[in-house]
file input38.pdb (PDB, N, CA and C atoms, pLDDT in the B column)
MODEL        1
ATOM      1  N   MET A 321       0.839  -1.190   0.000  1.00 43.00           N
ATOM      2  CA  MET A 321       0.000   0.000   0.000  1.00 43.00           C
ATOM      3  C   MET A 321       0.877   1.243   0.000  1.00 43.00           C
ATOM      4  N   ASP A 322       0.548   2.205  -0.808  1.00 43.00           N
ATOM      5  CA  ASP A 322       1.341   3.430  -0.952  1.00 43.00           C
ATOM      6  C   ASP A 322       0.870   4.459   0.059  1.00 43.00           C
ATOM      7  N   THR A 323       1.494   4.465   1.240  1.00 46.00           N
ATOM      8  CA  THR A 323       1.066   5.399   2.281  1.00 46.00           C
ATOM      9  C   THR A 323       1.460   6.825   1.964  1.00 46.00           C
ATOM     10  N   ASN A 324       2.526   7.029   1.186  1.00 48.00           N
ATOM     11  CA  ASN A 324       2.911   8.387   0.820  1.00 48.00           C
ATOM     12  C   ASN A 324       1.843   9.048  -0.024  1.00 48.00           C
ATOM     13  N   HIS A 325       1.203   8.271  -0.896  1.00 48.00           N
ATOM     14  CA  HIS A 325       0.125   8.827  -1.718  1.00 48.00           C
ATOM     15  C   HIS A 325      -1.002   9.329  -0.828  1.00 48.00           C
ATOM     16  N   ASN A 326      -1.331   8.558   0.204  1.00 49.00           N
ATOM     17  CA  ASN A 326      -2.385   8.978   1.117  1.00 49.00           C
ATOM     18  C   ASN A 326      -2.007  10.253   1.850  1.00 49.00           C
ATOM     19  N   LYS A 327      -0.745  10.376   2.229  1.00 50.00           N
ATOM     20  CA  LYS A 327      -0.310  11.581   2.927  1.00 50.00           C
ATOM     21  C   LYS A 327      -0.374  12.799   2.014  1.00 50.00           C
ATOM     22  N   ASP A 328      -0.092  12.607   0.718  1.00 48.00           N
ATOM     23  CA  ASP A 328      -0.188  13.721  -0.216  1.00 48.00           C
ATOM     24  C   ASP A 328      -1.617  14.229  -0.286  1.00 48.00           C
ATOM     25  N   ASN A 329      -2.572  13.330  -0.175  1.00 49.00           N
ATOM     26  CA  ASN A 329      -3.973  13.713  -0.251  1.00 49.00           C
ATOM     27  C   ASN A 329      -4.481  14.353   1.033  1.00 49.00           C
ATOM     28  N   GLU A 330      -3.751  14.199   2.141  1.00 50.00           N
ATOM     29  CA  GLU A 330      -4.175  14.797   3.397  1.00 50.00           C
ATOM     30  C   GLU A 330      -4.339  16.305   3.261  1.00 50.00           C
ATOM     31  N   PHE A 331      -3.448  16.918   2.503  1.00 55.00           N
ATOM     32  CA  PHE A 331      -3.500  18.369   2.399  1.00 55.00           C
ATOM     33  C   PHE A 331      -4.803  18.833   1.774  1.00 55.00           C
ATOM     34  N   SER A 332      -5.233  18.150   0.715  1.00 51.00           N
ATOM     35  CA  SER A 332      -6.455  18.569   0.034  1.00 51.00           C
ATOM     36  C   SER A 332      -7.671  18.393   0.931  1.00 51.00           C
ATOM     37  N   LYS A 333      -7.556  17.550   1.958  1.00 50.00           N
ATOM     38  CA  LYS A 333      -8.663  17.346   2.887  1.00 50.00           C
ATOM     39  C   LYS A 333      -8.557  18.252   4.110  1.00 50.00           C
ATOM     40  N   THR A 334      -7.482  19.022   4.186  1.00 48.00           N
ATOM     41  CA  THR A 334      -7.306  19.913   5.324  1.00 48.00           C
ATOM     42  C   THR A 334      -8.386  20.988   5.288  1.00 48.00           C
ATOM     43  N   PRO A 335      -9.197  21.067   6.341  1.00 42.00           N
ATOM     44  CA  PRO A 335     -10.261  22.067   6.336  1.00 42.00           C
ATOM     45  C   PRO A 335      -9.712  23.480   6.492  1.00 42.00           C
ATOM     46  N   GLY A 336     -10.476  24.426   6.099  1.00 54.00           N
ATOM     47  CA  GLY A 336     -10.081  25.819   6.276  1.00 54.00           C
ATOM     48  C   GLY A 336      -9.765  26.512   4.973  1.00 54.00           C
ATOM     49  N   ASP A 337      -9.660  27.788   5.072  1.00 83.00           N
ATOM     50  CA  ASP A 337      -9.423  28.649   3.919  1.00 83.00           C
ATOM     51  C   ASP A 337      -7.922  28.874   3.758  1.00 83.00           C
ATOM     52  N   TRP A 338      -7.359  28.447   2.617  1.00 88.00           N
ATOM     53  CA  TRP A 338      -5.916  28.536   2.426  1.00 88.00           C
ATOM     54  C   TRP A 338      -5.410  29.972   2.454  1.00 88.00           C
ATOM     55  N   ILE A 339      -6.174  30.903   1.962  1.00 88.00           N
ATOM     56  CA  ILE A 339      -5.725  32.308   1.977  1.00 88.00           C
ATOM     57  C   ILE A 339      -5.493  32.755   3.411  1.00 88.00           C
ATOM     58  N   SER A 340      -6.437  32.446   4.268  1.00 88.00           N
ATOM     59  CA  SER A 340      -6.305  32.803   5.678  1.00 88.00           C
ATOM     60  C   SER A 340      -5.141  32.050   6.321  1.00 88.00           C
ATOM     61  N   GLN A 341      -5.036  30.764   6.016  1.00 91.00           N
ATOM     62  CA  GLN A 341      -3.957  29.958   6.583  1.00 91.00           C
ATOM     63  C   GLN A 341      -2.594  30.463   6.127  1.00 91.00           C
ATOM     64  N   SER A 342      -2.487  30.822   4.858  1.00 93.00           N
ATOM     65  CA  SER A 342      -1.193  31.278   4.358  1.00 93.00           C
ATOM     66  C   SER A 342      -0.793  32.599   5.013  1.00 93.00           C
ATOM     67  N   LYS A 343      -1.777  33.462   5.270  1.00 93.00           N
ATOM     68  CA  LYS A 343      -1.476  34.719   5.979  1.00 93.00           C
ATOM     69  C   LYS A 343      -0.984  34.430   7.386  1.00 93.00           C
ATOM     70  N   GLN A 344      -1.624  33.465   8.048  1.00 94.00           N
ATOM     71  CA  GLN A 344      -1.198  33.098   9.399  1.00 94.00           C
ATOM     72  C   GLN A 344       0.208  32.505   9.379  1.00 94.00           C
ATOM     73  N   LEU A 345       0.500  31.691   8.384  1.00 96.00           N
ATOM     74  CA  LEU A 345       1.841  31.115   8.264  1.00 96.00           C
ATOM     75  C   LEU A 345       2.887  32.209   8.062  1.00 96.00           C
ATOM     76  N   LYS A 346       2.571  33.199   7.210  1.00 97.00           N
ATOM     77  CA  LYS A 346       3.524  34.289   6.973  1.00 97.00           C
ATOM     78  C   LYS A 346       3.741  35.114   8.235  1.00 97.00           C
ATOM     79  N   GLU A 347       2.681  35.287   9.038  1.00 96.00           N
ATOM     80  CA  GLU A 347       2.833  36.018  10.301  1.00 96.00           C
ATOM     81  C   GLU A 347       3.708  35.234  11.278  1.00 96.00           C
ATOM     82  N   LYS A 348       3.504  33.927  11.306  1.00 96.00           N
ATOM     83  CA  LYS A 348       4.250  33.083  12.244  1.00 96.00           C
ATOM     84  C   LYS A 348       5.682  32.843  11.787  1.00 96.00           C
ATOM     85  N   PHE A 349       5.872  32.732  10.468  1.00 97.00           N
ATOM     86  CA  PHE A 349       7.189  32.446   9.894  1.00 97.00           C
ATOM     87  C   PHE A 349       7.504  33.508   8.851  1.00 97.00           C
ATOM     88  N   SER A 350       8.178  34.549   9.257  1.00 96.00           N
ATOM     89  CA  SER A 350       8.424  35.700   8.382  1.00 96.00           C
ATOM     90  C   SER A 350       9.318  35.359   7.187  1.00 96.00           C
ATOM     91  N   THR A 351       9.981  34.219   7.225  1.00 97.00           N
ATOM     92  CA  THR A 351      10.847  33.840   6.102  1.00 97.00           C
ATOM     93  C   THR A 351      10.049  33.303   4.910  1.00 97.00           C
ATOM     94  N   LEU A 352       8.795  32.942   5.122  1.00 98.00           N
ATOM     95  CA  LEU A 352       7.974  32.420   4.022  1.00 98.00           C
ATOM     96  C   LEU A 352       7.592  33.535   3.060  1.00 98.00           C
ATOM     97  N   THR A 353       7.616  33.215   1.785  1.00 97.00           N
ATOM     98  CA  THR A 353       7.256  34.182   0.749  1.00 97.00           C
ATOM     99  C   THR A 353       5.916  33.793   0.119  1.00 97.00           C
ATOM    100  N   ASP A 354       5.355  34.719  -0.664  1.00 96.00           N
ATOM    101  CA  ASP A 354       4.130  34.414  -1.401  1.00 96.00           C
ATOM    102  C   ASP A 354       4.351  33.231  -2.337  1.00 96.00           C
ATOM    103  N   HIS A 355       5.534  33.163  -2.938  1.00 97.00           N
ATOM    104  CA  HIS A 355       5.854  32.044  -3.831  1.00 97.00           C
ATOM    105  C   HIS A 355       5.846  30.716  -3.072  1.00 97.00           C
ATOM    106  N   ASP A 356       6.421  30.706  -1.873  1.00 97.00           N
ATOM    107  CA  ASP A 356       6.441  29.481  -1.064  1.00 97.00           C
ATOM    108  C   ASP A 356       5.031  28.983  -0.797  1.00 97.00           C
ATOM    109  N   LEU A 357       4.104  29.900  -0.605  1.00 96.00           N
ATOM    110  CA  LEU A 357       2.741  29.569  -0.184  1.00 96.00           C
ATOM    111  C   LEU A 357       1.745  29.490  -1.330  1.00 96.00           C
ATOM    112  N   LYS A 358       2.226  29.630  -2.550  1.00 93.00           N
ATOM    113  CA  LYS A 358       1.328  29.593  -3.697  1.00 93.00           C
ATOM    114  C   LYS A 358       0.781  28.177  -3.880  1.00 93.00           C
ATOM    115  N   LEU A 359      -0.535  28.064  -3.796  1.00 91.00           N
ATOM    116  CA  LEU A 359      -1.200  26.773  -3.909  1.00 91.00           C
ATOM    117  C   LEU A 359      -1.816  26.624  -5.292  1.00 91.00           C
ATOM    118  N   GLU A 360      -1.372  25.602  -6.006  1.00 89.00           N
ATOM    119  CA  GLU A 360      -1.918  25.294  -7.322  1.00 89.00           C
ATOM    120  C   GLU A 360      -2.507  23.894  -7.266  1.00 89.00           C
ATOM    121  N   LYS A 361      -3.668  23.747  -7.874  1.00 87.00           N
ATOM    122  CA  LYS A 361      -4.335  22.449  -7.884  1.00 87.00           C
ATOM    123  C   LYS A 361      -3.406  21.388  -8.476  1.00 87.00           C
ATOM    124  N   GLY A 362      -3.283  20.274  -7.758  1.00 91.00           N
ATOM    125  CA  GLY A 362      -2.429  19.184  -8.212  1.00 91.00           C
ATOM    126  C   GLY A 362      -0.964  19.351  -7.855  1.00 91.00           C
ATOM    127  N   LYS A 363      -0.610  20.501  -7.268  1.00 93.00           N
ATOM    128  CA  LYS A 363       0.797  20.755  -6.924  1.00 93.00           C
ATOM    129  C   LYS A 363       0.968  21.013  -5.430  1.00 93.00           C
ATOM    130  N   GLU A 364       0.074  20.417  -4.639  1.00 91.00           N
ATOM    131  CA  GLU A 364       0.141  20.588  -3.192  1.00 91.00           C
ATOM    132  C   GLU A 364       1.456  20.058  -2.634  1.00 91.00           C
ATOM    133  N   LYS A 365       1.909  18.926  -3.171  1.00 94.00           N
ATOM    134  CA  LYS A 365       3.155  18.304  -2.708  1.00 94.00           C
ATOM    135  C   LYS A 365       4.330  19.261  -2.898  1.00 94.00           C
ATOM    136  N   GLU A 366       4.402  19.901  -4.060  1.00 96.00           N
ATOM    137  CA  GLU A 366       5.486  20.835  -4.334  1.00 96.00           C
ATOM    138  C   GLU A 366       5.443  22.028  -3.378  1.00 96.00           C
ATOM    139  N   MET A 367       4.232  22.518  -3.093  1.00 96.00           N
ATOM    140  CA  MET A 367       4.118  23.643  -2.179  1.00 96.00           C
ATOM    141  C   MET A 367       4.578  23.240  -0.777  1.00 96.00           C
ATOM    142  N   LEU A 368       4.175  22.068  -0.323  1.00 95.00           N
ATOM    143  CA  LEU A 368       4.591  21.606   0.996  1.00 95.00           C
ATOM    144  C   LEU A 368       6.108  21.444   1.060  1.00 95.00           C
ATOM    145  N   GLU A 369       6.699  20.997  -0.034  1.00 97.00           N
ATOM    146  CA  GLU A 369       8.166  20.879  -0.089  1.00 97.00           C
ATOM    147  C   GLU A 369       8.830  22.250  -0.018  1.00 97.00           C
ATOM    148  N   ARG A 370       8.256  23.241  -0.719  1.00 98.00           N
ATOM    149  CA  ARG A 370       8.824  24.606  -0.661  1.00 98.00           C
ATOM    150  C   ARG A 370       8.764  25.143   0.769  1.00 98.00           C
ATOM    151  N   ILE A 371       7.611  24.956   1.414  1.00 97.00           N
ATOM    152  CA  ILE A 371       7.461  25.439   2.794  1.00 97.00           C
ATOM    153  C   ILE A 371       8.461  24.713   3.694  1.00 97.00           C
ATOM    154  N   GLY A 372       8.550  23.398   3.540  1.00 98.00           N
ATOM    155  CA  GLY A 372       9.475  22.613   4.359  1.00 98.00           C
ATOM    156  C   GLY A 372      10.917  23.034   4.162  1.00 98.00           C
ATOM    157  N   ASN A 373      11.296  23.261   2.910  1.00 98.00           N
ATOM    158  CA  ASN A 373      12.667  23.703   2.635  1.00 98.00           C
ATOM    159  C   ASN A 373      12.947  25.051   3.276  1.00 98.00           C
ATOM    160  N   ARG A 374      12.005  25.972   3.165  1.00 98.00           N
ATOM    161  CA  ARG A 374      12.194  27.310   3.720  1.00 98.00           C
ATOM    162  C   ARG A 374      12.294  27.258   5.243  1.00 98.00           C
ATOM    163  N   LEU A 375      11.472  26.412   5.868  1.00 98.00           N
ATOM    164  CA  LEU A 375      11.445  26.337   7.330  1.00 98.00           C
ATOM    165  C   LEU A 375      12.403  25.286   7.891  1.00 98.00           C
ATOM    166  N   ARG A 376      13.023  24.532   6.986  1.00 98.00           N
ATOM    167  CA  ARG A 376      13.918  23.436   7.382  1.00 98.00           C
ATOM    168  C   ARG A 376      13.177  22.412   8.237  1.00 98.00           C
ATOM    169  N   LYS A 377      12.008  22.026   7.722  1.00 98.00           N
ATOM    170  CA  LYS A 377      11.174  21.035   8.400  1.00 98.00           C
ATOM    171  C   LYS A 377      10.767  19.981   7.385  1.00 98.00           C
ATOM    172  N   ASN A 378      10.458  18.783   7.878  1.00 97.00           N
ATOM    173  CA  ASN A 378      10.022  17.728   6.974  1.00 97.00           C
ATOM    174  C   ASN A 378       8.525  17.867   6.696  1.00 97.00           C
ATOM    175  N   ARG A 379       8.030  17.062   5.770  1.00 95.00           N
ATOM    176  CA  ARG A 379       6.634  17.139   5.336  1.00 95.00           C
ATOM    177  C   ARG A 379       5.664  16.962   6.514  1.00 95.00           C
ATOM    178  N   GLU A 380       5.946  16.011   7.380  1.00 96.00           N
ATOM    179  CA  GLU A 380       5.064  15.756   8.517  1.00 96.00           C
ATOM    180  C   GLU A 380       4.996  16.976   9.440  1.00 96.00           C
ATOM    181  N   GLU A 381       6.125  17.609   9.680  1.00 97.00           N
ATOM    182  CA  GLU A 381       6.149  18.797  10.534  1.00 97.00           C
ATOM    183  C   GLU A 381       5.345  19.933   9.902  1.00 97.00           C
ATOM    184  N   VAL A 382       5.477  20.104   8.582  1.00 96.00           N
ATOM    185  CA  VAL A 382       4.716  21.150   7.882  1.00 96.00           C
ATOM    186  C   VAL A 382       3.217  20.864   7.987  1.00 96.00           C
ATOM    187  N   MET A 383       2.828  19.609   7.779  1.00 94.00           N
ATOM    188  CA  MET A 383       1.413  19.243   7.878  1.00 94.00           C
ATOM    189  C   MET A 383       0.887  19.507   9.284  1.00 94.00           C
ATOM    190  N   ASN A 384       1.694  19.216  10.295  1.00 95.00           N
ATOM    191  CA  ASN A 384       1.272  19.465  11.675  1.00 95.00           C
ATOM    192  C   ASN A 384       1.088  20.954  11.940  1.00 95.00           C
ATOM    193  N   ILE A 385       1.970  21.767  11.390  1.00 95.00           N
ATOM    194  CA  ILE A 385       1.847  23.221  11.546  1.00 95.00           C
ATOM    195  C   ILE A 385       0.542  23.696  10.920  1.00 95.00           C
ATOM    196  N   ILE A 386       0.234  23.209   9.715  1.00 91.00           N
ATOM    197  CA  ILE A 386      -0.997  23.613   9.029  1.00 91.00           C
ATOM    198  C   ILE A 386      -2.220  23.134   9.807  1.00 91.00           C
ATOM    199  N   LYS A 387      -2.165  21.910  10.315  1.00 90.00           N
ATOM    200  CA  LYS A 387      -3.289  21.383  11.110  1.00 90.00           C
ATOM    201  C   LYS A 387      -3.508  22.200  12.373  1.00 90.00           C
ATOM    202  N   GLU A 388      -2.411  22.632  13.012  1.00 91.00           N
ATOM    203  CA  GLU A 388      -2.517  23.473  14.206  1.00 91.00           C
ATOM    204  C   GLU A 388      -3.224  24.780  13.898  1.00 91.00           C
ATOM    205  N   LEU A 389      -2.977  25.341  12.710  1.00 86.00           N
ATOM    206  CA  LEU A 389      -3.659  26.572  12.316  1.00 86.00           C
ATOM    207  C   LEU A 389      -5.156  26.343  12.240  1.00 86.00           C
ATOM    208  N   ASN A 390      -5.556  25.169  11.775  1.00 80.00           N
ATOM    209  CA  ASN A 390      -6.984  24.854  11.641  1.00 80.00           C
ATOM    210  C   ASN A 390      -7.655  24.716  12.998  1.00 80.00           C
ATOM    211  N   LEU A 391      -6.888  24.338  14.016  1.00 82.00           N
ATOM    212  CA  LEU A 391      -7.452  24.157  15.333  1.00 82.00           C
ATOM    213  C   LEU A 391      -7.562  25.458  16.112  1.00 82.00           C
ATOM    214  N   SER A 392      -6.783  26.438  15.709  1.00 72.00           N
ATOM    215  CA  SER A 392      -6.792  27.702  16.452  1.00 72.00           C
ATOM    216  C   SER A 392      -7.858  28.652  15.961  1.00 72.00           C
TER
ENDMDL
END
call {"tool": "encode", "arguments": {"input": "input38.pdb", "output": "C-alpha coordinates"}}
result
Amino acid sequence: MDTNHNKDNEFSKTPGDWISQSKQLKEKFSTLTDHDLKLEKGKEKEMLERIGNRLRKNREEVMNIIKELNLS
(Lines of atoms letter the chains of each structure in order from A and count residues from 1; the text may use other names and numbers.)
(Lines give C-alpha, C1' and ligand atoms only; values in the text may rest on other atoms or scores of the structure.)
Protein backbone atom coordinates (compact mmCIF):
# COMPACT_ATOMS: atom_id res chain seq x y z
CA MET A 1 0.00 0.00 0.00
CA ASP A 2 1.34 3.43 -0.95
CA THR A 3 1.07 5.40 2.28
CA ASN A 4 2.91 8.39 0.82
CA HIS A 5 0.12 8.83 -1.72
CA ASN A 6 -2.38 8.98 1.12
CA LYS A 7 -0.31 11.58 2.93
CA ASP A 8 -0.19 13.72 -0.22
CA ASN A 9 -3.97 13.71 -0.25
CA GLU A 10 -4.18 14.80 3.40
CA PHE A 11 -3.50 18.37 2.40
CA SER A 12 -6.46 18.57 0.03
CA LYS A 13 -8.66 17.35 2.89
CA THR A 14 -7.31 19.91 5.32
CA PRO A 15 -10.26 22.07 6.34
CA GLY A 16 -10.08 25.82 6.28
CA ASP A 17 -9.42 28.65 3.92
CA TRP A 18 -5.92 28.54 2.43
CA ILE A 19 -5.72 32.31 1.98
CA SER A 20 -6.30 32.80 5.68
CA GLN A 21 -3.96 29.96 6.58
CA SER A 22 -1.19 31.28 4.36
CA LYS A 23 -1.48 34.72 5.98
CA GLN A 24 -1.20 33.10 9.40
CA LEU A 25 1.84 31.11 8.26
CA LYS A 26 3.52 34.29 6.97
CA GLU A 27 2.83 36.02 10.30
CA LYS A 28 4.25 33.08 12.24
CA PHE A 29 7.19 32.45 9.89
CA SER A 30 8.42 35.70 8.38
CA THR A 31 10.85 33.84 6.10
CA LEU A 32 7.97 32.42 4.02
CA THR A 33 7.26 34.18 0.75
CA ASP A 34 4.13 34.41 -1.40
CA HIS A 35 5.85 32.04 -3.83
CA ASP A 36 6.44 29.48 -1.06
CA LEU A 37 2.74 29.57 -0.18
CA LYS A 38 1.33 29.59 -3.70
CA LEU A 39 -1.20 26.77 -3.91
CA GLU A 40 -1.92 25.29 -7.32
CA LYS A 41 -4.33 22.45 -7.88
CA GLY A 42 -2.43 19.18 -8.21
CA LYS A 43 0.80 20.76 -6.92
CA GLU A 44 0.14 20.59 -3.19
CA LYS A 45 3.16 18.30 -2.71
CA GLU A 46 5.49 20.84 -4.33
CA MET A 47 4.12 23.64 -2.18
CA LEU A 48 4.59 21.61 1.00
CA GLU A 49 8.17 20.88 -0.09
CA ARG A 50 8.82 24.61 -0.66
CA ILE A 51 7.46 25.44 2.79
CA GLY A 52 9.47 22.61 4.36
CA ASN A 53 12.67 23.70 2.63
CA ARG A 54 12.19 27.31 3.72
CA LEU A 55 11.45 26.34 7.33
CA ARG A 56 13.92 23.44 7.38
CA LYS A 57 11.17 21.04 8.40
CA ASN A 58 10.02 17.73 6.97
CA ARG A 59 6.63 17.14 5.34
CA GLU A 60 5.06 15.76 8.52
CA GLU A 61 6.15 18.80 10.53
CA VAL A 62 4.72 21.15 7.88
CA MET A 63 1.41 19.24 7.88
CA ASN A 64 1.27 19.46 11.67
CA ILE A 65 1.85 23.22 11.55
CA ILE A 66 -1.00 23.61 9.03
CA LYS A 67 -3.29 21.38 11.11
CA GLU A 68 -2.52 23.47 14.21
CA LEU A 69 -3.66 26.57 12.32
CA ASN A 70 -6.98 24.85 11.64
CA LEU A 71 -7.45 24.16 15.33
CA SER A 72 -6.79 27.70 16.45
call {"tool": "residues_around", "arguments": {"input": "input38.pdb", "residues": "His355 (chain A)", "least_positions_apart": "2", "cutoff": "8 Å", "atoms": "only N, CA and C atoms", "output": "count of residues only"}}
result
8
call {"tool": "resolve_selection", "arguments": {"input": "input38.pdb", "expression": "the PyMOL selection byres (((chain A and resi 346 and name CA) around 12) and name CA)", "output": "ChimeraX atom specification"}}
result
/A:338-345,347-358,371,374-375,386,389
call {"tool": "atom_distance", "arguments": {"input": "input38.pdb", "atom1": "atom N of Gly372 (chain A)", "atom2": "atom C of Glu388 (chain A)"}}
result
15.7 Å
call {"tool": "atom_distance", "arguments": {"input": "input38.pdb", "atom1": "atom C of Asp337 (chain A)", "atom2": "CA of Lys377 (chain A)"}}
result
21.2 Å
call {"tool": "atom_distance", "arguments": {"input": "input38.pdb", "atom1": "atom N of Asn390 (chain A)", "atom2": "atom C of Glu364 (chain A)"}}
result
16.8 Å
